[in-house]
file target_10.txt (compact mmCIF, C-alpha atoms)
# COMPACT_ATOMS: atom_id res chain seq x y z
CA MET M 88 -23.75 -2.39 8.50
CA SER M 89 -25.90 0.66 9.32
CA GLY M 90 -24.14 3.85 8.27
CA VAL M 91 -21.45 2.03 6.31
CA THR M 92 -20.67 3.43 2.86
CA ARG M 93 -21.90 1.04 0.19
CA VAL M 94 -20.65 0.48 -3.33
CA THR M 95 -23.51 1.52 -5.63
CA SER M 96 -21.71 2.78 -8.75
CA VAL M 97 -21.51 -0.70 -10.31
CA GLN M 98 -23.56 -3.86 -10.34
CA PRO M 99 -23.16 -6.71 -9.77
CA TYR M 100 -20.74 -6.03 -6.95
CA TRP M 101 -19.46 -8.26 -4.13
CA ASP M 102 -17.33 -7.66 -1.04
CA VAL M 103 -14.80 -10.34 -0.15
CA THR M 104 -13.18 -10.01 3.27
CA PHE M 105 -10.02 -11.75 4.48
CA ASP M 106 -8.59 -11.81 7.98
CA ALA M 107 -4.90 -11.24 8.73
CA ASP M 108 -4.12 -14.91 8.04
CA GLY M 109 -5.86 -14.90 4.66
CA ASP M 110 -9.04 -16.72 5.71
CA PRO M 111 -12.08 -15.42 3.76
CA ASP M 112 -15.54 -14.61 5.06
CA PRO M 113 -17.42 -17.82 4.06
CA ALA M 114 -20.73 -16.16 3.16
CA GLN M 115 -19.07 -13.50 1.01
CA ARG M 116 -16.84 -16.10 -0.64
CA ASP M 117 -19.77 -18.34 -1.53
CA ALA M 118 -21.88 -15.45 -2.85
CA LEU M 119 -19.13 -14.37 -5.23
CA LEU M 120 -18.40 -17.92 -6.37
CA ALA M 121 -22.09 -18.37 -7.23
CA GLY M 122 -22.55 -14.99 -8.89
CA ALA M 123 -19.43 -15.17 -11.04
CA ARG M 124 -20.89 -17.96 -13.16
CA ALA M 125 -23.01 -15.40 -15.05
CA LEU M 126 -20.01 -13.20 -15.97
CA THR M 127 -17.48 -13.00 -18.75
CA ASP M 128 -15.15 -10.70 -16.75
CA LEU M 129 -14.62 -9.99 -13.04
CA VAL M 130 -12.59 -7.01 -11.80
CA VAL M 131 -11.17 -7.59 -8.31
CA PHE M 132 -9.77 -4.49 -6.59
CA SER M 133 -7.74 -4.50 -3.34
CA HIS M 134 -7.25 -1.36 -1.29
CA GLY M 135 -3.90 -0.50 0.27
CA TRP M 136 -3.80 1.29 3.60
CA ASN M 137 -7.33 2.01 4.75
CA ASN M 138 -8.90 1.99 8.17
CA ASP M 139 -12.35 0.48 7.77
CA LEU M 140 -15.07 -0.83 5.51
CA SER M 141 -16.48 2.63 4.75
CA THR M 142 -13.11 4.01 3.66
CA ALA M 143 -12.45 1.11 1.32
CA ASN M 144 -15.98 1.13 -0.07
CA ALA M 145 -15.83 4.87 -0.73
CA LEU M 146 -12.66 4.24 -2.71
CA TYR M 147 -14.20 1.33 -4.65
CA ASP M 148 -17.42 3.23 -5.35
CA ARG M 149 -15.53 6.16 -6.80
CA PHE M 150 -12.91 4.17 -8.73
CA TYR M 151 -15.50 1.86 -10.29
CA ALA M 152 -17.92 4.69 -11.22
CA PRO M 153 -16.64 5.14 -14.83
CA PHE M 154 -16.76 1.41 -15.66
CA PRO M 155 -20.44 1.02 -16.68
CA GLY M 156 -20.12 3.73 -19.31
CA LEU M 157 -16.79 2.40 -20.54
CA VAL M 158 -17.87 -1.24 -20.89
CA ALA M 159 -21.15 -0.32 -22.59
CA ALA M 160 -19.27 -0.35 -25.90
CA ALA M 161 -18.81 -4.10 -25.49
CA PRO M 162 -22.41 -5.33 -25.14
CA LYS M 163 -21.46 -9.02 -25.20
CA ALA M 164 -19.23 -8.59 -22.17
CA ARG M 165 -20.81 -9.16 -18.77
CA PHE M 166 -18.63 -7.46 -16.16
CA GLY M 167 -18.84 -7.94 -12.43
CA TYR M 168 -16.88 -6.19 -9.70
CA ALA M 169 -15.46 -7.16 -6.32
CA GLY M 170 -13.74 -5.28 -3.52
CA VAL M 171 -11.18 -7.01 -1.33
CA HIS M 172 -11.16 -6.04 2.37
CA TRP M 173 -8.24 -6.91 4.63
CA PRO M 174 -7.05 -5.55 7.99
CA SER M 175 -4.76 -2.62 7.22
CA MET M 176 -4.59 0.98 8.32
CA ARG M 177 -3.89 4.49 7.17
CA PHE M 178 -2.94 7.32 9.51
CA SER M 179 -5.61 9.99 9.78
CA ASP M 180 -3.23 12.75 8.68
CA GLU M 181 -3.13 11.25 5.16
CA PRO M 182 -6.33 12.45 3.48
CA ILE M 183 -7.31 10.91 0.15
CA PRO M 184 -7.35 13.71 -2.48
CA ASP M 185 -10.85 15.10 -3.11
CA PHE M 186 -12.50 12.77 -0.59
CA PRO M 187 -14.57 14.94 1.78
CA HIS M 188 -14.16 14.14 5.47
CA THR M 189 -17.85 13.26 5.73
CA ALA M 190 -17.48 10.55 3.06
CA VAL M 191 -14.59 8.75 4.70
CA ALA M 192 -15.39 7.55 8.18
CA SER M 193 -11.79 6.92 9.21
CA LEU M 194 -10.67 10.49 8.67
CA ALA M 195 -10.83 12.36 11.95
CA ALA M 196 -13.08 15.39 11.43
CA PRO M 197 -11.42 18.69 12.39
CA ALA M 198 -12.67 20.61 15.34
CA PRO M 199 -15.10 23.47 14.57
CA GLY M 200 -13.16 26.41 13.17
CA ALA M 201 -9.98 24.36 12.71
CA PRO M 202 -8.08 24.56 9.41
CA ASP M 203 -8.76 21.80 6.91
CA GLY M 204 -6.95 20.30 3.93
CA PRO M 205 -3.50 18.81 3.31
CA ALA M 206 -1.53 21.49 5.13
CA ALA M 207 -3.63 21.06 8.25
CA ALA M 208 -3.34 17.30 8.05
CA ALA M 209 0.41 17.42 7.73
CA GLY M 210 0.69 19.63 10.80
CA ALA M 211 -1.83 17.74 12.90
CA GLY M 212 0.50 17.70 15.87
CA PRO M 213 2.94 15.34 17.56
CA GLY M 214 0.44 13.15 19.38
CA LEU M 215 -2.00 10.53 18.12
CA ASP M 216 -5.48 11.72 17.19
CA PRO M 217 -8.44 9.55 18.24
CA GLY M 218 -8.92 8.20 14.71
CA THR M 219 -5.35 6.94 14.50
CA ARG M 220 -5.49 5.40 17.99
CA ALA M 221 -8.71 3.60 17.09
CA ALA M 222 -7.17 2.37 13.83
CA LEU M 223 -4.09 1.03 15.62
CA ALA M 224 -6.33 -0.79 18.10
CA ALA M 225 -8.30 -2.34 15.23
CA VAL M 226 -5.32 -3.66 13.27
CA PHE M 227 -3.34 -4.68 16.39
CA PRO M 228 -6.10 -6.05 18.66
CA GLY M 229 -5.36 -6.57 22.33
CA SER M 230 -2.72 -3.83 22.38
CA ASP M 231 -4.65 -1.02 24.06
CA ALA M 232 -2.16 -0.51 26.89
CA LEU M 233 0.79 -0.46 24.51
CA ILE M 234 -0.94 2.04 22.21
CA ALA M 235 -1.81 4.24 25.18
CA ARG M 236 1.85 4.33 26.26
CA ILE M 237 3.03 5.13 22.73
CA ALA M 238 0.49 7.97 22.54
CA GLU M 239 1.54 9.25 25.97
CA LEU M 240 5.22 9.40 25.00
CA LEU M 241 4.45 11.15 21.71
CA ALA M 242 2.36 13.75 23.50
CA GLU M 243 4.84 14.35 26.35
CA ARG M 244 8.03 14.29 24.20
CA PRO M 245 10.31 13.66 27.20
CA PRO M 246 13.97 14.70 26.80
CA GLU M 247 15.46 11.51 28.27
CA PRO M 248 17.00 9.17 25.63
CA GLU M 249 15.79 6.15 27.60
CA ARG M 250 12.18 7.26 27.00
CA LEU M 251 12.79 7.30 23.24
CA ALA M 252 14.31 3.82 23.54
CA GLU M 253 11.18 2.76 25.42
CA PHE M 254 9.06 4.24 22.64
CA ALA M 255 10.98 2.38 19.92
CA ALA M 256 10.71 -0.89 21.82
CA ALA M 257 6.97 -0.37 22.25
CA VAL M 258 6.58 0.29 18.53
CA ARG M 259 8.47 -2.90 17.69
CA GLN M 260 6.35 -4.87 20.14
CA LEU M 261 3.11 -3.41 18.78
CA THR M 262 3.91 -4.08 15.14
CA GLY M 263 5.67 -7.42 15.62
CA THR M 264 8.97 -6.23 14.15
CA ALA M 265 12.29 -7.48 15.47
CA ALA M 266 15.91 -6.56 15.04
CA PRO M 267 17.14 -7.35 11.50
CA ALA M 268 19.34 -10.38 10.93
CA GLY M 269 22.14 -8.15 9.64
CA THR M 270 23.10 -10.64 6.94
CA ALA M 271 23.51 -10.24 3.21
CA ALA M 272 20.54 -12.56 2.71
CA ALA M 273 18.35 -10.31 4.83
CA ALA M 274 19.38 -7.27 2.80
CA GLN M 275 18.61 -9.12 -0.43
CA ASP M 276 15.16 -10.09 0.81
CA MET M 277 14.23 -6.50 1.50
CA ALA M 278 15.64 -5.12 -1.75
CA SER M 279 13.74 -7.67 -3.85
CA ASP M 280 10.66 -7.48 -1.60
CA GLY M 281 10.89 -10.77 0.19
CA ALA M 282 10.33 -8.71 3.37
CA ALA M 283 12.02 -11.37 5.50
CA ALA M 284 13.78 -8.97 7.85
CA ALA M 285 12.92 -5.73 9.59
CA PRO M 286 14.71 -2.66 8.23
CA GLN M 287 17.36 -0.82 10.20
CA LEU M 288 14.85 1.96 10.61
CA LEU M 289 13.01 -0.19 13.14
CA ALA M 290 16.00 -1.56 15.00
CA GLY M 291 18.85 0.94 14.76
CA ASP M 292 19.72 3.64 17.27
CA PRO M 293 16.34 5.31 17.95
CA ALA M 294 17.64 8.88 18.07
CA ALA M 295 19.60 8.50 14.82
CA MET M 296 16.69 6.84 13.05
CA CYS M 297 14.18 9.45 14.24
CA ASP M 298 16.51 12.23 13.18
CA LEU M 299 16.72 10.70 9.69
CA LEU M 300 12.96 10.51 9.54
CA ALA M 301 12.70 14.16 10.55
CA ASP M 302 14.99 14.96 7.61
CA ALA M 303 12.69 12.94 5.34
CA LEU M 304 9.66 14.82 6.67
CA ASP M 305 11.44 18.07 5.83
CA GLN M 306 12.07 16.76 2.32
CA ALA M 307 8.39 15.83 1.94
CA GLY M 308 7.26 19.30 3.00
CA CYS M 309 5.99 18.46 6.50
CA PRO M 310 6.63 20.95 9.30
CA VAL M 311 9.18 19.72 11.84
CA ALA M 312 11.17 21.41 14.57
CA PRO M 313 14.38 23.13 13.40
CA ALA M 314 17.63 21.19 13.64
CA GLN M 315 19.57 23.80 15.61
CA GLY M 316 19.80 23.23 19.33
CA GLU M 317 18.53 19.68 18.95
CA ALA M 318 20.37 18.21 21.91
CA ILE M 319 20.72 20.09 25.18
CA LEU M 320 22.95 18.52 27.81
CA GLY M 321 22.42 15.10 26.28
CA GLY M 322 18.64 15.43 26.11
CA LEU M 323 16.34 14.99 23.12
CA GLY M 324 14.81 17.85 21.22
CA LYS M 325 11.43 18.17 19.58
CA ARG M 326 12.80 17.35 16.13
CA VAL M 327 13.64 13.80 17.20
CA TRP M 328 10.10 13.31 18.50
CA ASP M 329 8.73 14.64 15.20
CA GLY M 330 10.65 11.78 13.61
CA ALA M 331 9.39 9.36 16.28
CA LYS M 332 5.80 9.71 15.10
CA GLU M 333 7.01 8.89 11.58
CA LEU M 334 8.82 5.85 13.02
CA LEU M 335 5.46 4.57 14.27
CA ARG M 336 3.93 5.16 10.85
CA GLN M 337 6.71 3.32 9.03
CA ALA M 338 6.68 0.40 11.48
CA THR M 339 2.93 0.09 10.99
CA TYR M 340 3.33 0.14 7.21
CA TYR M 341 6.04 -2.48 7.40
CA ALA M 342 3.65 -4.74 9.31
CA MET M 343 0.93 -4.05 6.71
CA LYS M 344 3.38 -4.85 3.91
CA ARG M 345 4.06 -8.29 5.37
CA ARG M 346 0.34 -8.85 5.96
CA ALA M 347 -0.50 -7.91 2.37
CA GLY M 348 1.79 -10.65 1.09
CA THR M 349 0.24 -13.22 3.43
CA VAL M 350 -3.35 -12.30 2.56
CA GLY M 351 -2.52 -12.27 -1.14
CA GLU M 352 -0.71 -15.59 -1.33
CA GLN M 353 -2.64 -17.60 1.23
CA GLY M 354 -6.02 -15.89 0.90
CA LEU M 355 -6.76 -14.33 -2.48
CA GLY M 356 -4.60 -16.78 -4.45
CA ALA M 357 -6.41 -19.78 -3.01
CA PHE M 358 -9.79 -18.09 -3.51
CA LEU M 359 -9.01 -17.45 -7.19
CA GLY M 360 -8.34 -21.15 -7.55
CA GLN M 361 -11.81 -21.86 -6.15
CA LEU M 362 -13.25 -19.25 -8.52
CA ALA M 363 -11.58 -20.87 -11.52
CA ALA M 364 -13.20 -24.18 -10.57
CA ALA M 365 -16.64 -22.68 -9.91
CA ALA M 366 -16.74 -20.34 -12.93
CA PRO M 367 -14.15 -21.56 -15.45
CA GLY M 368 -15.34 -19.19 -18.16
CA VAL M 369 -14.77 -15.93 -16.27
CA ARG M 370 -11.67 -13.80 -16.91
CA VAL M 371 -10.34 -12.24 -13.69
CA HIS M 372 -8.68 -8.82 -13.76
CA LEU M 373 -6.78 -7.93 -10.59
CA VAL M 374 -6.31 -4.31 -9.51
CA GLY M 375 -4.40 -3.23 -6.43
CA HIS M 376 -3.48 0.10 -4.88
CA SER M 377 -0.40 0.61 -2.69
CA PHE M 378 -0.01 -2.47 -0.46
CA GLY M 379 -3.09 -3.81 -2.23
CA ALA M 380 -0.89 -3.97 -5.34
CA ARG M 381 1.48 -6.19 -3.35
CA LEU M 382 -1.49 -8.25 -2.20
CA VAL M 383 -2.81 -8.99 -5.70
CA SER M 384 0.74 -9.63 -6.96
CA PHE M 385 1.42 -12.20 -4.25
CA ALA M 386 -1.94 -13.78 -5.10
CA LEU M 387 -0.24 -14.90 -8.32
CA ARG M 388 2.21 -16.89 -6.21
CA GLY M 389 -0.70 -18.52 -4.40
CA LEU M 390 -2.60 -19.64 -7.52
CA PRO M 391 -3.10 -23.40 -7.81
CA PRO M 392 -1.23 -25.10 -10.67
CA GLY M 393 -2.71 -24.34 -14.06
CA VAL M 394 -4.78 -21.34 -12.89
CA ARG M 395 -4.06 -17.95 -14.47
CA VAL M 396 -5.70 -14.54 -14.37
CA GLY M 397 -6.55 -12.34 -17.33
CA SER M 398 -4.71 -9.14 -16.35
CA VAL M 399 -3.18 -7.28 -13.41
CA THR M 400 -3.04 -3.50 -12.93
CA LEU M 401 -0.92 -2.15 -10.07
CA LEU M 402 -1.69 1.41 -8.98
CA GLN M 403 1.09 3.10 -7.00
CA GLY M 404 2.44 -0.28 -5.91
CA ALA M 405 4.15 -0.08 -2.51
CA PHE M 406 6.66 -2.84 -3.06
CA SER M 407 10.00 -3.31 -4.77
CA HIS M 408 10.39 -2.34 -8.42
CA TYR M 409 12.56 -5.47 -8.70
CA ALA M 410 9.87 -7.85 -7.39
CA PHE M 411 9.27 -9.48 -10.81
CA SER M 412 12.88 -9.24 -12.01
CA GLY M 413 15.30 -12.10 -12.64
CA PRO M 414 18.77 -12.41 -11.08
CA LEU M 415 20.10 -9.07 -9.85
CA PRO M 416 23.64 -7.87 -9.11
CA PHE M 417 22.84 -7.90 -5.38
CA ASP M 418 20.49 -10.92 -5.42
CA ALA M 419 21.17 -13.92 -7.66
CA ARG M 420 17.77 -15.35 -6.78
CA GLY M 421 15.92 -12.47 -8.42
CA GLY M 422 12.83 -10.73 -7.13
CA ALA M 423 10.36 -12.37 -4.77
CA LEU M 424 7.84 -12.70 -7.64
CA HIS M 425 10.26 -13.57 -10.44
CA GLY M 426 8.38 -15.48 -13.14
CA MET M 427 4.91 -14.89 -11.65
CA GLN M 428 4.04 -12.69 -14.66
CA GLN M 429 3.68 -15.96 -16.55
CA ARG M 430 0.53 -16.62 -14.52
CA VAL M 431 -1.16 -13.69 -16.27
CA THR M 432 -2.55 -14.33 -19.76
CA GLY M 433 -2.65 -10.61 -20.57
CA PRO M 434 -0.49 -7.69 -19.44
CA LEU M 435 0.79 -6.97 -15.94
CA VAL M 436 0.74 -3.17 -15.70
CA ALA M 437 2.55 -0.98 -13.15
CA ALA M 438 1.14 2.56 -13.07
CA HIS M 439 3.55 4.92 -11.31
CA SER M 440 3.90 8.61 -10.50
CA SER M 441 6.79 10.90 -9.69
CA HIS M 442 4.46 12.88 -7.40
CA ASP M 443 4.11 10.01 -4.92
CA GLN M 444 6.09 11.10 -1.85
CA ALA M 445 5.13 8.05 0.19
CA LEU M 446 6.98 5.88 -2.34
CA GLY M 447 9.57 8.36 -3.58
CA VAL M 448 10.80 9.50 -0.15
CA PHE M 449 9.66 7.23 2.66
CA TYR M 450 9.42 3.78 1.08
CA PRO M 451 13.09 3.48 0.08
CA LEU M 452 14.20 4.97 3.38
CA ALA M 453 12.14 2.48 5.37
CA SER M 454 13.33 -0.43 3.22
CA ARG M 455 17.00 -0.08 4.08
CA ILE M 456 18.73 -2.84 6.07
CA ALA M 457 21.23 -2.68 8.91
CA GLY M 458 24.82 -3.23 7.85
CA GLU M 459 24.68 -1.20 4.63
CA ASP M 460 27.49 1.30 4.31
CA GLU M 461 25.60 3.82 2.17
CA SER M 462 23.90 6.86 3.63
CA LEU M 463 20.30 6.09 4.50
CA LEU M 464 19.18 9.10 2.49
CA GLY M 465 21.43 8.14 -0.43
CA PHE M 466 19.63 4.94 -1.29
CA GLY M 467 19.57 5.32 -5.08
CA ASP M 468 17.62 2.83 -7.16
CA ARG M 469 18.16 -0.30 -5.09
CA TRP M 470 15.41 0.40 -2.61
CA GLY M 471 12.85 1.93 -4.99
CA ALA M 472 9.13 1.19 -5.18
CA MET M 473 7.24 0.07 -8.26
CA GLY M 474 4.69 2.86 -7.82
CA HIS M 475 7.42 5.47 -8.08
CA ASP M 476 9.25 4.40 -11.24
CA GLY M 477 7.66 1.19 -12.60
CA PHE M 478 9.32 -2.16 -13.32
CA GLN M 479 13.11 -2.20 -13.23
CA ALA M 480 15.68 -4.71 -14.57
CA LEU M 481 13.13 -6.42 -16.82
CA ASP M 482 14.49 -6.53 -20.36
CA GLY M 483 11.99 -5.68 -23.06
CA THR M 484 9.47 -4.08 -20.70
CA PRO M 485 7.66 -1.22 -22.49
CA ALA M 486 7.66 2.12 -20.69
CA LEU M 487 4.66 4.20 -21.79
CA THR M 488 3.10 7.48 -20.82
CA LEU M 489 -0.51 7.23 -19.75
CA ALA M 490 -1.60 9.09 -22.87
CA ALA M 491 0.26 6.64 -25.11
CA ALA M 492 -1.11 3.66 -23.18
CA LEU M 493 -4.67 4.86 -23.70
CA ALA M 494 -4.41 6.07 -27.30
CA GLY M 495 -1.88 3.85 -29.02
CA PRO M 496 -1.18 0.12 -29.35
CA PHE M 497 -1.16 -1.68 -26.02
CA PRO M 498 0.89 -4.81 -25.29
CA GLY M 499 -1.15 -7.97 -25.16
CA GLY M 500 1.00 -9.56 -22.46
CA GLY M 501 4.08 -9.25 -20.29
CA CYS M 502 5.06 -6.46 -17.91
CA VAL M 503 4.28 -2.86 -18.86
CA SER M 504 5.29 0.34 -17.03
CA VAL M 505 2.90 3.28 -17.40
CA ASP M 506 3.83 6.75 -16.15
CA ALA M 507 0.58 8.14 -14.74
CA SER M 508 2.14 11.32 -13.32
CA ALA M 509 -0.10 13.45 -15.54
CA VAL M 510 -3.19 12.49 -13.50
CA VAL M 511 -1.75 11.03 -10.27
CA CYS M 512 -0.46 14.38 -9.12
CA SER M 513 -2.55 15.75 -6.23
CA GLY M 514 -2.10 15.40 -2.48
CA GLY M 515 -0.24 17.06 0.33
CA PRO M 516 2.50 15.80 2.65
CA PRO M 517 3.47 13.34 3.89
CA SER M 518 2.16 11.01 1.15
CA GLY M 519 1.86 13.36 -1.81
CA ALA M 520 -0.17 11.88 -4.67
CA HIS M 521 0.00 8.32 -3.36
CA SER M 522 -3.79 7.97 -3.03
CA ASP M 523 -4.77 10.13 -6.01
CA ILE M 524 -6.02 7.19 -8.09
CA CYS M 525 -9.71 7.84 -8.74
CA HIS M 526 -9.50 8.94 -12.36
CA GLU M 527 -11.37 7.77 -15.43
CA GLU M 528 -8.03 7.46 -17.21
CA LEU M 529 -6.95 4.76 -14.74
CA ALA M 530 -10.26 2.95 -15.15
CA ARG M 531 -9.62 2.99 -18.90
CA LEU M 532 -6.13 1.63 -18.28
CA VAL M 533 -7.59 -1.33 -16.38
CA LEU M 534 -9.94 -2.02 -19.28
CA ARG M 535 -7.16 -1.76 -21.86
CA ALA M 536 -5.22 -4.34 -19.89
CA SER M 537 -8.31 -6.55 -19.68
CA LYS M 538 -8.38 -6.91 -23.47
CA GLY M 539 -4.96 -8.58 -23.56
call {"tool": "encode", "arguments": {"input": "target_10.txt", "output": "structure tokens"}}
result
Amino acid sequence: MSGVTRVTSVQPYWDVTFDADGDPDPAQRDALLAGARALTDLVVFSHGWNNDLSTANALYDRFYAPFPGLVAAAPKARFGYAGVHWPSMRFSDEPIPDFPHTAVASLAAPAPGAPDGPAAAAGAGPGLDPGTRAALAAVFPGSDALIARIAELLAERPPEPERLAEFAAAVRQLTGTAAPAGTAAAAQDMASDGAAAAPQLLAGDPAAMCDLLADALDQAGCPVAPAQGEAILGGLGKRVWDGAKELLRQATYYAMKRRAGTVGEQGLGAFLGQLAAAAPGVRVHLVGHSFGARLVSFALRGLPPGVRVGSVTLLQGAFSHYAFSGPLPFDARGGALHGMQQRVTGPLVAAHSSHDQALGVFYPLASRIAGEDESLLGFGDRWGAMGHDGFQALDGTPALTLAAALAGPFPGGGCVSVDASAVVCSGGPPSGAHSDICHEELARLVLRASKG
């Protein structure tokens, strides 16, 4: 643990670590179960894509920092705080706004004299930097040779189409994604966030998919090679390889999305059942960012019968805005989490931002399924993310601005959409404001939800 960033802004604080199958660290689990007995309220926060313990702890330390001052007004309340750790990854060219490189171990430090900041990160080059290669090796252990070949192809950018096909196959092998089923049921699962099938993006024609991703990078403000002269005598141009690196990113995120659901349902959900038995008087308030929002949401599905949590706050949730909805025109079964809001005694809040490019541009593109006849860049609302526009197709769901949520009456239960664009607004391409969540206003939002 030497050199690892520690959470010091709040006390008492506990780490709780789950592996990819949802199994918790026994010592951490037992420490939290014992300590929670002295609390009235426990805030449990799950990171989204992060590379290591230091990155997640830096996020938790900063997000939790306003809480002691805010809860001081309720002297009878005894708050505790926990940070969930699970094996996920973030590419090193996606800096967290206002986090210095020295504070986040997983961000690759620039070479002396090299440009810094979002623009530099977005144009970090076609290959894989050492930080990203190390992160891939950590979240996909035993794949060093495969990662080395992927990195080699990205660096060389060979013109032969068969090399791009080799790259796509290697990406699918690395991330455990297969060709989609191509059925209506598979399409429904993706649109409502069942995540049962791989999107077309990971199994369609590699050149066409990479070209689409290059268009999306253009839309997000990332530098890519110009479209003219893309193919020469049947060969591949640089623009396609610009999209190929994004293909690797999206395949990795797809694997993390599936993992978040597993860890949430089989890991955190079961743990919360143990917590309810060990400390029946404590109210649990779940907070999740990005895929961590999916993780804490799927924890609701894994709760033992009769167990409920006090509140849930989803920050830039990287999963379907229909996940909690009932029957839909394209899916009579409803969302993958339909009815799970009933396992929350207070409100279930989705904070969203229009400045989130990861969710506004790339998430819907990567969620499309083979066999659809719409343009991949004309996805409309069907493939949208909760962190981009809040809950959809949920009758009676209030839609509030952040200012109204903090100053006016706040719902005591049910689903609530809160537009946080006023503060979640900073960050460069390719992710935009996706990770811009460390604001006192969002801490206050969590506490408003906790009073439900």
call {"tool": "atom_distance", "arguments": {"input": "target_10.txt", "atom1": "atom CA of M:Phe478", "atom2": "atom CA of M:Phe178"}}
result
27.6 Å
call {"tool": "residues_around", "arguments": {"input": "target_10.txt", "residues": "M:Ser133", "least_positions_apart": "2", "cutoff": "6 Å", "atoms": "only C-alpha atoms", "output": "PyMOL selection string"}}
result
chain M and resi 171+375+379
call {"tool": "residues_near_point", "arguments": {"input": "target_10.txt", "point": "(1.5, -21.3, -5.4)", "cutoff": "9 Å", "atoms": "only C-alpha atoms", "output": "list in words"}}
result
Glu352, Gln353, Gly356, Ala357, Ala386, Leu387, Arg388, Gly389, Leu390, Pro391 and Pro392 of chain M
call {"tool": "write_last_selection", "arguments": {"input": "target_10.txt", "atoms": "C-alpha atoms", "output": "CSV table (one decimal), in the frame of the given file"}}
result
chain,number,residue,atom,x,y,z
M,352,GLU,CA,-0.7,-15.6,-1.3
M,353,GLN,CA,-2.6,-17.6,1.2
M,356,GLY,CA,-4.6,-16.8,-4.4
M,357,ALA,CA,-6.4,-19.8,-3.0
M,386,ALA,CA,-1.9,-13.8,-5.1
M,387,LEU,CA,-0.2,-14.9,-8.3
M,388,ARG,CA,2.2,-16.9,-6.2
M,389,GLY,CA,-0.7,-18.5,-4.4
M,390,LEU,CA,-2.6,-19.6,-7.5
M,391,PRO,CA,-3.1,-23.4,-7.8
M,392,PRO,CA,-1.2,-25.1,-10.7
call {"tool": "closest_residue", "arguments": {"input": "target_10.txt", "among": "M:Ala161, M:Leu481, M:Glu249, M:Lys344", "to": "M:Thr264", "atoms": "all atoms listed in the file"}}
result
M:Lys344
call {"tool": "residues_around", "arguments": {"input": "target_10.txt", "residues": "M:Leu119", "least_positions_apart": "5", "cutoff": "9 Å", "atoms": "all atoms listed in the file", "output": "ChimeraX atom specification"}}
result
/M:100-103,114,124,169,362
call {"tool": "atom_distance", "arguments": {"input": "target_10.txt", "atom1": "atom CA of M:Asn137", "atom2": "atom CA of M:Ala307"}}
result
21.1 Å
call {"tool": "closest_residue", "arguments": {"input": "target_10.txt", "among": "M:Val396, M:Ala494, M:Val327, M:Val436", "to": "M:Leu355", "atoms": "all atoms listed in the file"}}
result
M:Val396
call {"tool": "atom_distance", "arguments": {"input": "target_10.txt", "atom1": "atom CA of M:His408", "atom2": "atom CA of M:Pro111"}}
result
28.7 Å
call {"tool": "residues_near_point", "arguments": {"input": "target_10.txt", "point": "(-7.1, -3.1, -19.5)", "cutoff": "9 Å", "atoms": "all atoms listed in the file", "output": "list in words"}}
result
His372, Ser398, Val399, Thr400, Gly433, Pro434, Val436, Phe497, Ala530, Arg531, Leu532, Val533, Leu534, Arg535, Ala536, Ser537, Lys538 and Gly539 of chain M
call {"tool": "residues_around", "arguments": {"input": "target_10.txt", "residues": "M:Asp298", "least_positions_apart": "5", "cutoff": "9 Å", "atoms": "only C-alpha atoms", "output": "VMD selection string"}}
result
chain M and resid 293 303 326 to 331
call {"tool": "residues_around", "arguments": {"input": "target_10.txt", "residues": "stretch 449-451 of chain M", "least_positions_apart": "3", "cutoff": "6 Å", "atoms": "only C-alpha atoms", "output": "PyMOL selection string"}}
result
chain M and resi 445-446+454+470-471
call {"tool": "closest_residue", "arguments": {"input": "target_10.txt", "among": "M:Ala107, M:Leu359, M:Val94, M:Leu120", "to": "M:Arg149", "atoms": "only C-alpha atoms"}}
result
M:Val94
call {"tool": "closest_residue", "arguments": {"input": "target_10.txt", "among": "M:Val374, M:Ala472, M:Ala125, M:Leu529", "to": "M:Ala410", "atoms": "all atoms listed in the file"}}
result
M:Ala472
call {"tool": "residues_around", "arguments": {"input": "target_10.txt", "residues": "stretch 260-262 of chain M", "least_positions_apart": "6", "cutoff": "8 Å", "atoms": "all atoms listed in the file", "output": "PyMOL selection string"}}
result
chain M and resi 227+230+233-234+338-339+342
call {"tool": "closest_residue", "arguments": {"input": "target_10.txt", "among": "M:Leu415, M:Gly354, M:Leu373, M:Val394", "to": "M:Pro113", "atoms": "all atoms listed in the file"}}
result
M:Gly354
call {"tool": "closest_residue", "arguments": {"input": "target_10.txt", "among": "M:Gly426, M:Gly218, M:Pro228, M:Ala295", "to": "M:Pro248", "atoms": "all atoms listed in the file"}}
result
M:Ala295
